[in-house]
file upload-v3.txt (compact mmCIF, N, CA and C atoms)
# COMPACT_ATOMS: atom_id res chain seq x y z
N MET A 1 123.45 83.46 131.32
CA MET A 1 123.34 83.06 129.93
C MET A 1 122.06 82.25 129.74
N ILE A 2 121.38 82.43 128.61
CA ILE A 2 120.15 81.71 128.31
C ILE A 2 120.51 80.32 127.79
N SER A 3 119.85 79.33 128.32
CA SER A 3 120.15 77.99 127.83
C SER A 3 119.56 77.81 126.44
N PRO A 4 120.21 77.04 125.58
CA PRO A 4 119.70 76.81 124.21
C PRO A 4 118.31 76.20 124.19
N VAL A 5 117.95 75.45 125.20
CA VAL A 5 116.64 74.83 125.25
C VAL A 5 115.56 75.91 125.39
N LEU A 6 115.81 76.92 126.22
CA LEU A 6 114.84 77.98 126.39
C LEU A 6 114.80 78.91 125.18
N ALA A 7 115.95 79.14 124.56
CA ALA A 7 116.03 80.09 123.45
C ALA A 7 115.27 79.58 122.23
N PHE A 8 115.31 78.30 121.98
CA PHE A 8 114.67 77.77 120.77
C PHE A 8 113.55 76.79 121.08
N GLY A 9 113.12 76.74 122.31
CA GLY A 9 111.97 75.93 122.68
C GLY A 9 112.22 74.44 122.63
N GLY A 10 113.44 74.01 122.61
CA GLY A 10 113.72 72.58 122.62
C GLY A 10 113.38 71.89 121.32
N VAL A 11 113.15 72.64 120.24
CA VAL A 11 112.83 72.03 118.95
C VAL A 11 114.13 71.62 118.29
N PRO A 12 114.23 70.34 117.87
CA PRO A 12 115.44 69.94 117.15
C PRO A 12 115.56 70.75 115.86
N GLY A 13 116.70 71.31 115.63
CA GLY A 13 116.92 72.11 114.43
C GLY A 13 116.37 73.52 114.57
N GLY A 14 116.17 73.99 115.78
CA GLY A 14 115.61 75.33 116.01
C GLY A 14 116.43 76.44 115.39
N PRO A 15 117.73 76.45 115.58
CA PRO A 15 118.54 77.50 114.96
C PRO A 15 118.44 77.48 113.43
N GLU A 16 118.42 76.29 112.87
CA GLU A 16 118.31 76.18 111.42
C GLU A 16 116.97 76.72 110.93
N LEU A 17 115.89 76.44 111.66
CA LEU A 17 114.57 76.96 111.29
C LEU A 17 114.55 78.48 111.39
N LEU A 18 115.21 79.03 112.41
CA LEU A 18 115.28 80.48 112.55
C LEU A 18 116.05 81.09 111.39
N ILE A 19 117.14 80.48 111.00
CA ILE A 19 117.92 80.97 109.86
C ILE A 19 117.09 80.89 108.58
N LEU A 20 116.36 79.79 108.37
CA LEU A 20 115.49 79.67 107.20
C LEU A 20 114.41 80.75 107.19
N LEU A 21 113.85 81.05 108.35
CA LEU A 21 112.84 82.09 108.45
C LEU A 21 113.43 83.44 108.05
N VAL A 22 114.61 83.75 108.50
CA VAL A 22 115.27 85.02 108.14
C VAL A 22 115.55 85.07 106.64
N VAL A 23 116.04 83.96 106.09
CA VAL A 23 116.35 83.91 104.65
C VAL A 23 115.09 84.09 103.83
N PHE A 24 114.00 83.42 104.20
CA PHE A 24 112.74 83.57 103.46
C PHE A 24 112.19 84.99 103.59
N ALA A 25 112.34 85.59 104.75
CA ALA A 25 111.89 86.98 104.92
C ALA A 25 112.68 87.91 104.01
N LEU A 26 113.98 87.68 103.89
CA LEU A 26 114.80 88.52 103.01
C LEU A 26 114.51 88.26 101.54
N LEU A 27 114.29 87.00 101.18
CA LEU A 27 114.06 86.66 99.77
C LEU A 27 112.68 87.10 99.28
N PHE A 28 111.66 86.98 100.12
CA PHE A 28 110.30 87.26 99.68
C PHE A 28 109.71 88.52 100.30
N GLY A 29 110.05 88.82 101.51
CA GLY A 29 109.46 89.97 102.20
C GLY A 29 109.96 91.30 101.67
N VAL A 30 111.26 91.46 101.55
CA VAL A 30 111.84 92.72 101.09
C VAL A 30 111.40 93.05 99.66
N PRO A 31 111.51 92.12 98.71
CA PRO A 31 111.03 92.45 97.35
C PRO A 31 109.54 92.77 97.31
N LEU A 32 108.76 92.09 98.13
CA LEU A 32 107.32 92.36 98.17
C LEU A 32 107.06 93.78 98.67
N VAL A 33 107.77 94.20 99.69
CA VAL A 33 107.62 95.57 100.20
C VAL A 33 108.05 96.58 99.15
N VAL A 34 109.13 96.31 98.43
CA VAL A 34 109.60 97.21 97.38
C VAL A 34 108.58 97.31 96.26
N ILE A 35 108.02 96.19 95.83
CA ILE A 35 107.02 96.20 94.76
C ILE A 35 105.78 96.97 95.18
N VAL A 36 105.31 96.74 96.39
CA VAL A 36 104.14 97.47 96.89
C VAL A 36 104.44 98.97 96.95
N GLY A 37 105.63 99.33 97.39
CA GLY A 37 106.02 100.73 97.45
C GLY A 37 106.04 101.38 96.08
N VAL A 38 106.55 100.69 95.08
CA VAL A 38 106.59 101.23 93.72
C VAL A 38 105.18 101.41 93.18
N VAL A 39 104.30 100.44 93.42
CA VAL A 39 102.92 100.54 92.94
C VAL A 39 102.22 101.73 93.58
N VAL A 40 102.40 101.91 94.87
CA VAL A 40 101.76 103.04 95.56
C VAL A 40 102.32 104.36 95.03
N PHE A 41 103.64 104.42 94.83
CA PHE A 41 104.27 105.64 94.30
C PHE A 41 103.72 105.98 92.91
N LEU A 42 103.63 104.99 92.04
CA LEU A 42 103.13 105.24 90.69
C LEU A 42 101.66 105.65 90.70
N LYS A 43 100.88 105.07 91.60
CA LYS A 43 99.46 105.44 91.70
C LYS A 43 99.33 106.88 92.16
N LEU A 44 100.10 107.28 93.15
CA LEU A 44 100.05 108.66 93.63
C LEU A 44 100.52 109.63 92.55
N ARG A 45 101.52 109.23 91.79
CA ARG A 45 102.03 110.09 90.72
C ARG A 45 101.00 110.23 89.60
N ALA A 46 100.28 109.15 89.30
CA ALA A 46 99.25 109.21 88.25
C ALA A 46 98.13 110.14 88.67
N ASP A 47 97.78 110.14 89.95
CA ASP A 47 96.75 111.04 90.44
C ASP A 47 97.19 112.49 90.29
N ASP A 48 98.47 112.76 90.53
CA ASP A 48 99.00 114.12 90.38
C ASP A 48 98.97 114.56 88.92
N GLU A 49 99.20 113.65 88.00
CA GLU A 49 99.19 114.00 86.58
C GLU A 49 97.78 114.41 86.13
N GLU A 50 96.75 113.78 86.68
CA GLU A 50 95.38 114.17 86.34
C GLU A 50 95.11 115.59 86.81
N VAL A 51 95.58 115.94 87.99
CA VAL A 51 95.41 117.29 88.52
C VAL A 51 96.17 118.27 87.63
N ASP A 52 97.39 117.89 87.22
CA ASP A 52 98.18 118.76 86.35
C ASP A 52 97.51 118.95 85.00
N THR A 53 96.91 117.91 84.46
CA THR A 53 96.22 118.01 83.18
C THR A 53 95.05 118.99 83.26
N ASP A 54 94.29 118.89 84.34
CA ASP A 54 93.17 119.83 84.53
C ASP A 54 93.69 121.26 84.67
N ARG A 55 94.76 121.43 85.40
CA ARG A 55 95.32 122.77 85.60
C ARG A 55 95.84 123.35 84.29
N VAL A 56 96.51 122.52 83.48
CA VAL A 56 97.02 122.99 82.20
C VAL A 56 95.86 123.40 81.29
N ALA A 57 94.78 122.62 81.29
CA ALA A 57 93.62 122.97 80.47
C ALA A 57 93.01 124.30 80.91
N GLU A 58 92.94 124.54 82.21
CA GLU A 58 92.43 125.82 82.71
C GLU A 58 93.33 126.97 82.30
N LEU A 59 94.64 126.77 82.39
CA LEU A 59 95.58 127.83 82.00
C LEU A 59 95.52 128.12 80.50
N GLU A 60 95.38 127.08 79.69
CA GLU A 60 95.26 127.29 78.24
C GLU A 60 93.99 128.07 77.91
N ALA A 61 92.89 127.77 78.58
CA ALA A 61 91.65 128.52 78.36
C ALA A 61 91.82 129.98 78.77
N GLU A 62 92.53 130.22 79.87
CA GLU A 62 92.77 131.59 80.33
C GLU A 62 93.64 132.35 79.33
N VAL A 63 94.67 131.71 78.79
CA VAL A 63 95.53 132.35 77.80
C VAL A 63 94.73 132.70 76.55
N GLU A 64 93.89 131.78 76.11
CA GLU A 64 93.07 132.04 74.92
C GLU A 64 92.12 133.21 75.16
N ARG A 65 91.52 133.27 76.35
CA ARG A 65 90.62 134.37 76.69
C ARG A 65 91.38 135.70 76.69
N LEU A 66 92.59 135.70 77.24
CA LEU A 66 93.39 136.93 77.27
C LEU A 66 93.83 137.35 75.87
N ARG A 67 94.15 136.39 75.01
CA ARG A 67 94.53 136.71 73.63
C ARG A 67 93.36 137.36 72.89
N GLU A 68 92.16 136.81 73.09
CA GLU A 68 90.98 137.40 72.45
C GLU A 68 90.72 138.81 72.97
N LYS A 69 90.96 139.01 74.25
CA LYS A 69 90.76 140.33 74.84
C LYS A 69 91.77 141.33 74.26
N VAL A 70 93.00 140.93 74.10
CA VAL A 70 94.03 141.80 73.54
C VAL A 70 93.75 142.08 72.06
N ASP A 71 93.29 141.09 71.32
CA ASP A 71 92.99 141.29 69.90
C ASP A 71 91.81 142.23 69.69
N ASP A 72 90.87 142.26 70.63
CA ASP A 72 89.69 143.12 70.51
C ASP A 72 90.00 144.58 70.83
N GLU A 73 91.06 144.84 71.60
CA GLU A 73 91.39 146.23 71.97
C GLU A 73 92.03 146.93 70.79
N PRO A 74 91.72 148.23 70.60
CA PRO A 74 92.34 148.99 69.50
C PRO A 74 93.81 149.26 69.82
N ASP A 75 94.64 149.32 68.78
CA ASP A 75 96.06 149.61 68.94
C ASP A 75 96.29 151.11 68.83
N ASP A 76 96.44 151.79 69.95
CA ASP A 76 96.73 153.23 69.94
C ASP A 76 98.23 153.48 69.77
N GLY A 77 99.06 152.52 70.08
CA GLY A 77 100.50 152.69 69.98
C GLY A 77 100.98 152.82 68.54
N ASP A 78 100.34 152.16 67.58
CA ASP A 78 100.75 152.23 66.18
C ASP A 78 100.42 153.59 65.56
N ALA A 79 99.37 154.23 66.00
CA ALA A 79 98.95 155.52 65.41
C ALA A 79 99.90 156.64 65.81
N ARG A 80 100.56 156.55 66.96
CA ARG A 80 101.46 157.61 67.43
C ARG A 80 102.81 157.54 66.74
N SER A 81 103.21 156.44 66.22
CA SER A 81 104.55 156.31 65.63
C SER A 81 104.70 157.06 64.33

call {"tool": "encode", "arguments": {"input": "upload-v3.txt", "output": "structure tokens"}}
result
Amino acid sequence: MISPVLAFGGVPGGPELLILLVVFALLFGVPLVVIVGVVVFLKLRADDEEVDTDRVAELEAEVERLREKVDDEPDDGDARS
């Protein structure tokens, strides 16, 4: 068995300081990690939205080009009816 003097370095109140360290880590460390994670997630998502916006603009231009191409072609189907 490890003697208490070796486990806590002979500091009076060593176990209490260790408990305080764990409590502070839980109170401040975990929320800080969660906040940083949310910020990183939102930043990555915002970057994806910019890519999506560019892609949507390209697709809209392609649809418009195809509509103009279809409008320019003669309608042979109406003459046969």

call {"tool": "atom_distance", "arguments": {"input": "upload-v3.txt", "atom1": "atom CA of A:Arg45", "atom2": "atom CA of A:Ala57"}}
result
18.5 Å

call {"tool": "atom_distance", "arguments": {"input": "upload-v3.txt", "atom1": "atom N of A:Gly37", "atom2": "atom C of A:Ala25"}}
result
15.0 Å

call {"tool": "atom_distance", "arguments": {"input": "upload-v3.txt", "atom1": "atom N of A:Phe41", "atom2": "atom C of A:Gly29"}}
result
16.1 Å

call {"tool": "decode", "arguments": {"input": "upload-v3.txt", "residues": "stretch 51-65 of chain A", "atoms": "all heavy atoms", "output": "PDB file, in the first residue's frame"}}
result
ATOM      1  N   VAL A  51     -19.654  27.224 -49.820  1.00  0.00           N
ATOM      2  CA  VAL A  51     -19.468  26.309 -50.940  1.00  0.00           C
ATOM      3  C   VAL A  51     -20.827  25.984 -51.551  1.00  0.00           C
ATOM      4  O   VAL A  51     -20.981  25.949 -52.779  1.00  0.00           O
ATOM      5  CB  VAL A  51     -18.742  25.026 -50.473  1.00  0.00           C
ATOM      6  CG1 VAL A  51     -18.721  23.989 -51.568  1.00  0.00           C
ATOM      7  CG2 VAL A  51     -17.327  25.354 -50.035  1.00  0.00           C
ATOM      8  N   ASP A  52     -21.836  25.752 -50.696  1.00  0.00           N
ATOM      9  CA  ASP A  52     -23.174  25.453 -51.192  1.00  0.00           C
ATOM     10  C   ASP A  52     -23.754  26.631 -51.960  1.00  0.00           C
ATOM     11  O   ASP A  52     -24.419  26.449 -52.979  1.00  0.00           O
ATOM     12  CB  ASP A  52     -24.105  25.083 -50.025  1.00  0.00           C
ATOM     13  CG  ASP A  52     -23.761  23.724 -49.425  1.00  0.00           C
ATOM     14  OD1 ASP A  52     -23.045  22.948 -50.097  1.00  0.00           O
ATOM     15  OD2 ASP A  52     -24.204  23.446 -48.296  1.00  0.00           O
ATOM     16  N   THR A  53     -23.523  27.849 -51.491  1.00  0.00           N
ATOM     17  CA  THR A  53     -24.026  29.032 -52.174  1.00  0.00           C
ATOM     18  C   THR A  53     -23.422  29.152 -53.570  1.00  0.00           C
ATOM     19  O   THR A  53     -24.127  29.442 -54.541  1.00  0.00           O
ATOM     20  CB  THR A  53     -23.707  30.291 -51.345  1.00  0.00           C
ATOM     21  OG1 THR A  53     -24.270  30.142 -50.041  1.00  0.00           O
ATOM     22  CG2 THR A  53     -24.272  31.525 -51.999  1.00  0.00           C
ATOM     23  N   ASP A  54     -22.125  28.917 -53.668  1.00  0.00           N
ATOM     24  CA  ASP A  54     -21.467  28.958 -54.980  1.00  0.00           C
ATOM     25  C   ASP A  54     -22.027  27.869 -55.893  1.00  0.00           C
ATOM     26  O   ASP A  54     -22.276  28.111 -57.083  1.00  0.00           O
ATOM     27  CB  ASP A  54     -19.952  28.769 -54.836  1.00  0.00           C
ATOM     28  CG  ASP A  54     -19.285  29.931 -54.111  1.00  0.00           C
ATOM     29  OD1 ASP A  54     -19.909  31.010 -54.041  1.00  0.00           O
ATOM     30  OD2 ASP A  54     -18.158  29.742 -53.614  1.00  0.00           O
ATOM     31  N   ARG A  55     -22.233  26.699 -55.352  1.00  0.00           N
ATOM     32  CA  ARG A  55     -22.755  25.589 -56.161  1.00  0.00           C
ATOM     33  C   ARG A  55     -24.177  25.875 -56.631  1.00  0.00           C
ATOM     34  O   ARG A  55     -24.527  25.597 -57.785  1.00  0.00           O
ATOM     35  CB  ARG A  55     -22.718  24.306 -55.335  1.00  0.00           C
ATOM     36  CG  ARG A  55     -23.091  23.104 -56.131  1.00  0.00           C
ATOM     37  CD  ARG A  55     -22.805  21.841 -55.377  1.00  0.00           C
ATOM     38  NE  ARG A  55     -23.218  20.712 -56.196  1.00  0.00           N
ATOM     39  CZ  ARG A  55     -23.586  19.564 -55.736  1.00  0.00           C
ATOM     40  NH1 ARG A  55     -23.588  19.349 -54.451  1.00  0.00           N
ATOM     41  NH2 ARG A  55     -23.959  18.595 -56.538  1.00  0.00           N
ATOM     42  N   VAL A  56     -25.007  26.442 -55.760  1.00  0.00           N
ATOM     43  CA  VAL A  56     -26.376  26.779 -56.143  1.00  0.00           C
ATOM     44  C   VAL A  56     -26.368  27.827 -57.249  1.00  0.00           C
ATOM     45  O   VAL A  56     -27.139  27.743 -58.214  1.00  0.00           O
ATOM     46  CB  VAL A  56     -27.179  27.266 -54.917  1.00  0.00           C
ATOM     47  CG1 VAL A  56     -28.492  27.898 -55.335  1.00  0.00           C
ATOM     48  CG2 VAL A  56     -27.433  26.109 -53.955  1.00  0.00           C
ATOM     49  N   ALA A  57     -25.488  28.819 -57.148  1.00  0.00           N
ATOM     50  CA  ALA A  57     -25.409  29.849 -58.187  1.00  0.00           C
ATOM     51  C   ALA A  57     -24.990  29.237 -59.523  1.00  0.00           C
ATOM     52  O   ALA A  57     -25.548  29.587 -60.583  1.00  0.00           O
ATOM     53  CB  ALA A  57     -24.407  30.931 -57.770  1.00  0.00           C
ATOM     54  N   GLU A  58     -24.057  28.300 -59.506  1.00  0.00           N
ATOM     55  CA  GLU A  58     -23.646  27.628 -60.744  1.00  0.00           C
ATOM     56  C   GLU A  58     -24.801  26.823 -61.338  1.00  0.00           C
ATOM     57  O   GLU A  58     -25.021  26.831 -62.557  1.00  0.00           O
ATOM     58  CB  GLU A  58     -22.458  26.705 -60.465  1.00  0.00           C
ATOM     59  CG  GLU A  58     -21.168  27.434 -60.175  1.00  0.00           C
ATOM     60  CD  GLU A  58     -20.051  26.473 -59.788  1.00  0.00           C
ATOM     61  OE1 GLU A  58     -20.228  25.249 -59.939  1.00  0.00           O
ATOM     62  OE2 GLU A  58     -18.994  26.956 -59.344  1.00  0.00           O
ATOM     63  N   LEU A  59     -25.539  26.126 -60.487  1.00  0.00           N
ATOM     64  CA  LEU A  59     -26.670  25.328 -60.979  1.00  0.00           C
ATOM     65  C   LEU A  59     -27.785  26.212 -61.541  1.00  0.00           C
ATOM     66  O   LEU A  59     -28.403  25.867 -62.560  1.00  0.00           O
ATOM     67  CB  LEU A  59     -27.217  24.443 -59.861  1.00  0.00           C
ATOM     68  CG  LEU A  59     -26.314  23.285 -59.440  1.00  0.00           C
ATOM     69  CD1 LEU A  59     -26.885  22.589 -58.223  1.00  0.00           C
ATOM     70  CD2 LEU A  59     -26.129  22.299 -60.575  1.00  0.00           C
ATOM     71  N   GLU A  60     -28.046  27.343 -60.903  1.00  0.00           N
ATOM     72  CA  GLU A  60     -29.060  28.265 -61.418  1.00  0.00           C
ATOM     73  C   GLU A  60     -28.652  28.812 -62.780  1.00  0.00           C
ATOM     74  O   GLU A  60     -29.492  28.943 -63.683  1.00  0.00           O
ATOM     75  CB  GLU A  60     -29.292  29.404 -60.430  1.00  0.00           C
ATOM     76  CG  GLU A  60     -30.059  28.982 -59.194  1.00  0.00           C
ATOM     77  CD  GLU A  60     -30.171  30.089 -58.162  1.00  0.00           C
ATOM     78  OE1 GLU A  60     -29.456  31.115 -58.289  1.00  0.00           O
ATOM     79  OE2 GLU A  60     -30.977  29.932 -57.239  1.00  0.00           O
ATOM     80  N   ALA A  61     -27.380  29.139 -62.957  1.00  0.00           N
ATOM     81  CA  ALA A  61     -26.898  29.617 -64.253  1.00  0.00           C
ATOM     82  C   ALA A  61     -27.042  28.527 -65.311  1.00  0.00           C
ATOM     83  O   ALA A  61     -27.435  28.807 -66.456  1.00  0.00           O
ATOM     84  CB  ALA A  61     -25.444  30.059 -64.133  1.00  0.00           C
ATOM     85  N   GLU A  62     -26.766  27.282 -64.948  1.00  0.00           N
ATOM     86  CA  GLU A  62     -26.900  26.164 -65.882  1.00  0.00           C
ATOM     87  C   GLU A  62     -28.364  25.961 -66.280  1.00  0.00           C
ATOM     88  O   GLU A  62     -28.677  25.740 -67.457  1.00  0.00           O
ATOM     89  CB  GLU A  62     -26.340  24.888 -65.237  1.00  0.00           C
ATOM     90  CG  GLU A  62     -26.420  23.666 -66.110  1.00  0.00           C
ATOM     91  CD  GLU A  62     -25.442  23.698 -67.273  1.00  0.00           C
ATOM     92  OE1 GLU A  62     -24.509  24.515 -67.251  1.00  0.00           O
ATOM     93  OE2 GLU A  62     -25.622  22.894 -68.198  1.00  0.00           O
ATOM     94  N   VAL A  63     -29.276  26.055 -65.324  1.00  0.00           N
ATOM     95  CA  VAL A  63     -30.704  25.910 -65.622  1.00  0.00           C
ATOM     96  C   VAL A  63     -31.162  27.019 -66.558  1.00  0.00           C
ATOM     97  O   VAL A  63     -31.899  26.765 -67.520  1.00  0.00           O
ATOM     98  CB  VAL A  63     -31.536  25.911 -64.316  1.00  0.00           C
ATOM     99  CG1 VAL A  63     -33.013  26.064 -64.596  1.00  0.00           C
ATOM    100  CG2 VAL A  63     -31.273  24.636 -63.528  1.00  0.00           C
ATOM    101  N   GLU A  64     -30.728  28.233 -66.297  1.00  0.00           N
ATOM    102  CA  GLU A  64     -31.110  29.355 -67.159  1.00  0.00           C
ATOM    103  C   GLU A  64     -30.585  29.159 -68.584  1.00  0.00           C
ATOM    104  O   GLU A  64     -31.284  29.412 -69.566  1.00  0.00           O
ATOM    105  CB  GLU A  64     -30.577  30.675 -66.575  1.00  0.00           C
ATOM    106  CG  GLU A  64     -31.052  31.897 -67.307  1.00  0.00           C
ATOM    107  CD  GLU A  64     -32.563  32.063 -67.263  1.00  0.00           C
ATOM    108  OE1 GLU A  64     -33.185  31.649 -66.258  1.00  0.00           O
ATOM    109  OE2 GLU A  64     -33.122  32.586 -68.248  1.00  0.00           O
ATOM    110  N   ARG A  65     -29.340  28.677 -68.697  1.00  0.00           N
ATOM    111  CA  ARG A  65     -28.761  28.418 -70.014  1.00  0.00           C
ATOM    112  C   ARG A  65     -29.554  27.338 -70.752  1.00  0.00           C
ATOM    113  O   ARG A  65     -29.851  27.467 -71.946  1.00  0.00           O
ATOM    114  CB  ARG A  65     -27.304  27.990 -69.875  1.00  0.00           C
ATOM    115  CG  ARG A  65     -26.565  27.873 -71.201  1.00  0.00           C
ATOM    116  CD  ARG A  65     -25.146  27.375 -71.020  1.00  0.00           C
ATOM    117  NE  ARG A  65     -25.075  26.043 -70.461  1.00  0.00           N
ATOM    118  CZ  ARG A  65     -25.249  24.918 -71.170  1.00  0.00           C
ATOM    119  NH1 ARG A  65     -25.539  24.982 -72.448  1.00  0.00           N
ATOM    120  NH2 ARG A  65     -25.154  23.741 -70.590  1.00  0.00           N
TER     121      ARG A  65
END
